[in-house]
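For reference, the structure is listed below as structure tokens.
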Amino acid sequence: MRIEQSTKPAQSLTESAQQKVIVVDDDPAQCRILSQLLKAHAFEVRSTVCSQEALRWIEEEPPSFLLTDWEMPSLSGLDLARRVRELNLESYVYVIFLSVRHEQQDVAAALAAGADDFITKPVQTLELLARINAGARVLRREAKLARLAGADALTDLPSRRTFEVVLEREWHQALRHRRSLSCVMLDIDYFKQVNDVYGHAAGDDVLRRFARLLEDAVRDEDYVCRYGGEEFCILLPETGETDAAAWAEGLLARLSESTMAPAARLHVTASCGVAEIAGSMEAATDLVKAADECLLHAKDTGRNRVVSLREFQKSPHAPDGGGASFPQGLLARDAMIPIVHSLGPDCPVLDAAEYLLRFRISGAPVADEAGRLLGIITNRDVLNLATGDFGSQLVVADIVQRNVITYDEQTPLRQVLEFMRRVPVQTVVVTCDQKPTGILSTVGLLRWYLERFRTVSGGEPQGDCSGRPFARRQGDGQRDVVARAELLVAQAMSLRDALDHDATQDDARLAELLSRATTMQELIEELLSSEGRMQREGEMLPF
């Protein structure tokens, strides 16, 4: 294939400025010729002979145009176009096929696969540039419509819907590359009074000026949106919670020096909640919810201040209600499941995966040689490797989540329960002298609650002078443990007999076996919890 050069002067291509193009052709010479031609007309060009590499580039940073050959060894032009259209990209990629094929069915197949245009080789220079310019007009109009659809009409900031798309992308990239990601929720204090006293026109002016203040305060890689009403949300990639909180403090300082409505000489304040992505969070929305809970706490404790997730976690705030009857004196250690084993940072990831699977747990603490907590590794951290390099050389230190929520054993249990009730965190680690000693999860706490506050015989609760609603008689714990141990042995024997005498592997049989194994796992966790509690209460273990 060759590019036929025209003797006519090239058209002015001011439209091409800053347009990014990826060229894919299995012929290195054609890649070089096309790249030189487009660079001469102010395009920013990347070229490759590998369609798989081009797809990776597009995922990382979508170009304006993709020029692709049809016939390629690893991934054909048709397949490449289809894969591009399946990606959830923040901007549209205009795909142009360059091929020696010229039959109508070939053109139709390319357009059906996701192409926007088709040029038959040999490529004419003026035709190629003209078609790219036509595509540029389409892209500009599409970008304008997308901006109008995704922008807040009053502040011109991205809307909440647009922000949620960015949040999902940044969340997955932070997990994949094990990077920090923080979220800041802001709310203008007493904004209703601004509208009531100065009028809605002044209120709108405050919102617009506040939006400009936010835009001036963030970096190019940050994302800011109007989340709703007088509430704004900022996403700070590759930023830890400490730095994000410092940024928020600086923003409040700038806000204190700014006049939001010059005609009324109006100054406003704001409250901020800050949270960083943590290993115990299950979804991107959990990050925003955590920041929002911190924002609520900032408003509840005086406004015009910043509250981070760590500060909120440690604060002795009272429940909103229903907690008056909660027993006093209970500590985090009273409800935790003792840790059987902490993983070391040098433990191979494959061994860690087998450990999590063997004990049917969602996560395990990671500790150094001295036993001090380094972080936590979860099933999700391991599964994230399924889309990347799951090499046998990886160790736990390569994927450990170091930002983990922790509580000391002596922390009042009421404080932990209130934190986990308000913030979407499923698991926290209990420590003593910086060493992990137990796990508190929502499921484990529910099991503990049912056990501790269950009714006895006649269904009426029993109390004692200690303030605990259900006093345990000496020996009750031993009988509970014996009963559970006997049930566990019976379940184990039943499972062994089932495996020895029936090799059927249909879905119903597998479901039954899984149910028995799950019951055994629950019994083991209850035995561990009972053992730790009995040791603390001075009862002798019955075995």
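Labeling convention for the structure tokens: chains A, B, ... as they appear, residues from 1 per chain, ligands from 1 in order of appearance.
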Q: Check region 132-219 of chain A with DSSP on the backbone and list each residue it calls alpha helix (DSSP H), as a PyMOL selection string.
A: chain A and resi 132-150+160-177+191-198+200-217
(Q) If we count only C-alpha atoms and set the cut-off at 10 Å, which residues sit around Thr269 (chain A), ignoring sequence neighbours fewer than 3 positions away in its own chain? Please answer as a ChimeraX atom specification. (A) /A:187-191,252-253,255-256,258,303-305
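Distances from A:Gln173, A:Ser91, A:Gln104, A:Thr301 to Arg141 (chain A) were compared using only C-alpha atoms, and the smallest one belongs to A:Ser91.
For the atom pair formed by CA of Thr442 (chain A) and CA of Glu282 (chain A), the distance is 12.9 Å, given to one decimal.
Take the candidates A:Ser342, A:Ser271, A:Gln401, A:Thr437 and check each one against Val307 (chain A) using only C-alpha atoms; the shortest distance goes to A:Ser271.
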Which residues are near Leu350 (chain A)? Cut-off 12 Å, only C-alpha atoms, ignore same chain within fewer than 2 positions. Put them as a PDB file with N, CA, C and O atoms, in the first residue's frame.
```pdb
ATOM      1  N   ASP A 346       5.592 -11.227  52.774  1.00  0.00           N
ATOM      2  CA  ASP A 346       6.318 -12.015  51.791  1.00  0.00           C
ATOM      3  C   ASP A 346       5.566 -13.275  51.376  1.00  0.00           C
ATOM      4  O   ASP A 346       6.074 -14.069  50.566  1.00  0.00           O
ATOM      5  N   CYS A 347       4.378 -13.464  51.905  1.00  0.00           N
ATOM      6  CA  CYS A 347       3.584 -14.649  51.540  1.00  0.00           C
ATOM      7  C   CYS A 347       3.163 -14.559  50.074  1.00  0.00           C
ATOM      8  O   CYS A 347       2.654 -13.529  49.633  1.00  0.00           O
ATOM      9  N   PRO A 348       3.394 -15.609  49.274  1.00  0.00           N
ATOM     10  CA  PRO A 348       2.959 -15.576  47.867  1.00  0.00           C
ATOM     11  C   PRO A 348       1.455 -15.344  47.764  1.00  0.00           C
ATOM     12  O   PRO A 348       0.677 -15.857  48.585  1.00  0.00           O
ATOM     13  N   ALA A 352      -1.883 -17.010  49.669  1.00  0.00           N
ATOM     14  CA  ALA A 352      -2.876 -16.201  50.373  1.00  0.00           C
ATOM     15  C   ALA A 352      -4.281 -16.472  49.838  1.00  0.00           C
ATOM     16  O   ALA A 352      -5.245 -16.543  50.607  1.00  0.00           O
ATOM     17  N   ALA A 353      -4.383 -16.642  48.510  1.00  0.00           N
ATOM     18  CA  ALA A 353      -5.686 -16.943  47.908  1.00  0.00           C
ATOM     19  C   ALA A 353      -6.206 -18.287  48.414  1.00  0.00           C
ATOM     20  O   ALA A 353      -7.402 -18.430  48.728  1.00  0.00           O
ATOM     21  N   GLU A 354      -5.323 -19.270  48.503  1.00  0.00           N
ATOM     22  CA  GLU A 354      -5.733 -20.576  49.029  1.00  0.00           C
ATOM     23  C   GLU A 354      -6.153 -20.465  50.500  1.00  0.00           C
ATOM     24  O   GLU A 354      -7.099 -21.128  50.943  1.00  0.00           O
ATOM     25  N   TYR A 355      -5.474 -19.620  51.260  1.00  0.00           N
ATOM     26  CA  TYR A 355      -5.811 -19.425  52.673  1.00  0.00           C
ATOM     27  C   TYR A 355      -7.214 -18.821  52.808  1.00  0.00           C
ATOM     28  O   TYR A 355      -8.026 -19.290  53.613  1.00  0.00           O
ATOM     29  N   LEU A 356      -7.505 -17.768  52.025  1.00  0.00           N
ATOM     30  CA  LEU A 356      -8.819 -17.141  52.075  1.00  0.00           C
ATOM     31  C   LEU A 356      -9.906 -18.114  51.668  1.00  0.00           C
ATOM     32  O   LEU A 356     -10.997 -18.141  52.259  1.00  0.00           O
ATOM     33  N   LEU A 357      -9.606 -18.925  50.651  1.00  0.00           N
ATOM     34  CA  LEU A 357     -10.593 -19.887  50.173  1.00  0.00           C
ATOM     35  C   LEU A 357     -10.798 -21.011  51.179  1.00  0.00           C
ATOM     36  O   LEU A 357     -11.923 -21.443  51.427  1.00  0.00           O
ATOM     37  N   ASN A 379     -10.511 -10.794  49.246  1.00  0.00           N
ATOM     38  CA  ASN A 379     -10.774 -11.568  48.036  1.00  0.00           C
ATOM     39  C   ASN A 379     -10.759 -10.685  46.803  1.00  0.00           C
ATOM     40  O   ASN A 379     -10.284 -11.081  45.733  1.00  0.00           O
ATOM     41  N   ASP A 381      -8.991  -8.001  46.263  1.00  0.00           N
ATOM     42  CA  ASP A 381      -7.619  -7.665  45.858  1.00  0.00           C
ATOM     43  C   ASP A 381      -7.023  -8.764  44.997  1.00  0.00           C
ATOM     44  O   ASP A 381      -6.301  -8.497  44.030  1.00  0.00           O
ATOM     45  N   VAL A 382      -7.325 -10.008  45.348  1.00  0.00           N
ATOM     46  CA  VAL A 382      -6.814 -11.135  44.568  1.00  0.00           C
ATOM     47  C   VAL A 382      -7.530 -11.216  43.224  1.00  0.00           C
ATOM     48  O   VAL A 382      -6.902 -11.410  42.182  1.00  0.00           O
ATOM     49  N   LEU A 383      -8.855 -11.040  43.235  1.00  0.00           N
ATOM     50  CA  LEU A 383      -9.615 -11.145  41.996  1.00  0.00           C
ATOM     51  C   LEU A 383      -9.246 -10.049  41.008  1.00  0.00           C
ATOM     52  O   LEU A 383      -9.344 -10.242  39.793  1.00  0.00           O
ATOM     53  N   LEU A 385      -6.450  -9.217  40.222  1.00  0.00           N
ATOM     54  CA  LEU A 385      -5.307  -9.692  39.452  1.00  0.00           C
ATOM     55  C   LEU A 385      -5.749 -10.560  38.279  1.00  0.00           C
ATOM     56  O   LEU A 385      -4.962 -10.818  37.362  1.00  0.00           O
ATOM     57  N   ALA A 386      -7.004 -11.010  38.292  1.00  0.00           N
ATOM     58  CA  ALA A 386      -7.472 -11.895  37.224  1.00  0.00           C
ATOM     59  C   ALA A 386      -7.450 -11.203  35.873  1.00  0.00           C
ATOM     60  O   ALA A 386      -7.333 -11.856  34.839  1.00  0.00           O
ATOM     61  N   PHE A 390      -1.216 -12.353  36.990  1.00  0.00           N
ATOM     62  CA  PHE A 390      -1.382 -13.207  38.166  1.00  0.00           C
ATOM     63  C   PHE A 390      -0.158 -14.104  38.283  1.00  0.00           C
ATOM     64  O   PHE A 390      -0.266 -15.302  38.463  1.00  0.00           O
ATOM     65  N   GLY A 391       1.005 -13.497  38.145  1.00  0.00           N
ATOM     66  CA  GLY A 391       2.230 -14.275  38.150  1.00  0.00           C
ATOM     67  C   GLY A 391       2.530 -14.885  39.498  1.00  0.00           C
ATOM     68  O   GLY A 391       2.125 -14.385  40.542  1.00  0.00           O
ATOM     69  N   SER A 392       3.249 -15.991  39.487  1.00  0.00           N
ATOM     70  CA  SER A 392       3.565 -16.703  40.725  1.00  0.00           C
ATOM     71  C   SER A 392       4.562 -15.937  41.585  1.00  0.00           C
ATOM     72  O   SER A 392       4.779 -16.286  42.739  1.00  0.00           O
ATOM     73  N   GLN A 393       5.183 -14.882  41.040  1.00  0.00           N
ATOM     74  CA  GLN A 393       6.177 -14.136  41.794  1.00  0.00           C
ATOM     75  C   GLN A 393       5.558 -13.081  42.689  1.00  0.00           C
ATOM     76  O   GLN A 393       6.233 -12.507  43.546  1.00  0.00           O
ATOM     77  N   LEU A 394       4.264 -12.778  42.521  1.00  0.00           N
ATOM     78  CA  LEU A 394       3.625 -11.747  43.324  1.00  0.00           C
ATOM     79  C   LEU A 394       3.500 -12.212  44.772  1.00  0.00           C
ATOM     80  O   LEU A 394       3.198 -13.366  45.040  1.00  0.00           O
ATOM     81  N   VAL A 395       3.704 -11.260  45.692  1.00  0.00           N
ATOM     82  CA  VAL A 395       3.549 -11.548  47.114  1.00  0.00           C
ATOM     83  C   VAL A 395       2.492 -10.615  47.695  1.00  0.00           C
ATOM     84  O   VAL A 395       2.056  -9.657  47.047  1.00  0.00           O
ATOM     85  N   VAL A 396       2.086 -10.897  48.913  1.00  0.00           N
ATOM     86  CA  VAL A 396       1.018 -10.134  49.553  1.00  0.00           C
ATOM     87  C   VAL A 396       1.350  -8.649  49.607  1.00  0.00           C
ATOM     88  O   VAL A 396       0.466  -7.799  49.447  1.00  0.00           O
ATOM     89  N   ILE A 399      -0.051  -6.325  46.861  1.00  0.00           N
ATOM     90  CA  ILE A 399      -1.471  -5.993  46.705  1.00  0.00           C
ATOM     91  C   ILE A 399      -2.152  -5.615  48.015  1.00  0.00           C
ATOM     92  O   ILE A 399      -3.360  -5.386  48.033  1.00  0.00           O
TER      93      ILE A 399
END
```
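Taking CA of Arg176 (chain A) and CA of Arg380 (chain A) as endpoints, the distance between them is 10.4 Å.
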How close does each residue of region 62-141 of chain A get to region 15-34 of chain A, giving the shortest atom pair and distance in Å to one decimal for every residue with an atom at most 9 Å away, counting only C-alpha atoms, sorted by chain and residue number, as a tab-separated table?
```
residue	atom	partner	partner_atom	distance
A:Pro62	CA	A:Lys20	CA	8.4
A:Pro63	CA	A:Lys20	CA	4.9
A:Ser64	CA	A:Lys20	CA	5.2
A:Phe65	CA	A:Val21	CA	4.7
A:Leu66	CA	A:Ile22	CA	4.9
A:Leu67	CA	A:Val23	CA	4.8
A:Thr68	CA	A:Val24	CA	4.7
A:Asp69	CA	A:Asp25	CA	5.2
A:Trp70	CA	A:Asp25	CA	8.2
A:Glu71	CA	A:Asp26	CA	7.8
A:Met72	CA	A:Asp26	CA	5.8
A:Pro73	CA	A:Asp26	CA	7.7
A:Gly77	CA	A:Val24	CA	8.7
A:Leu98	CA	A:Asp25	CA	8.9
A:Ile132	CA	A:Ser16	CA	8.3
A:Asn133	CA	A:Glu15	CA	6.8
A:Ala136	CA	A:Glu15	CA	7.1
A:Arg137	CA	A:Glu15	CA	8.4
```
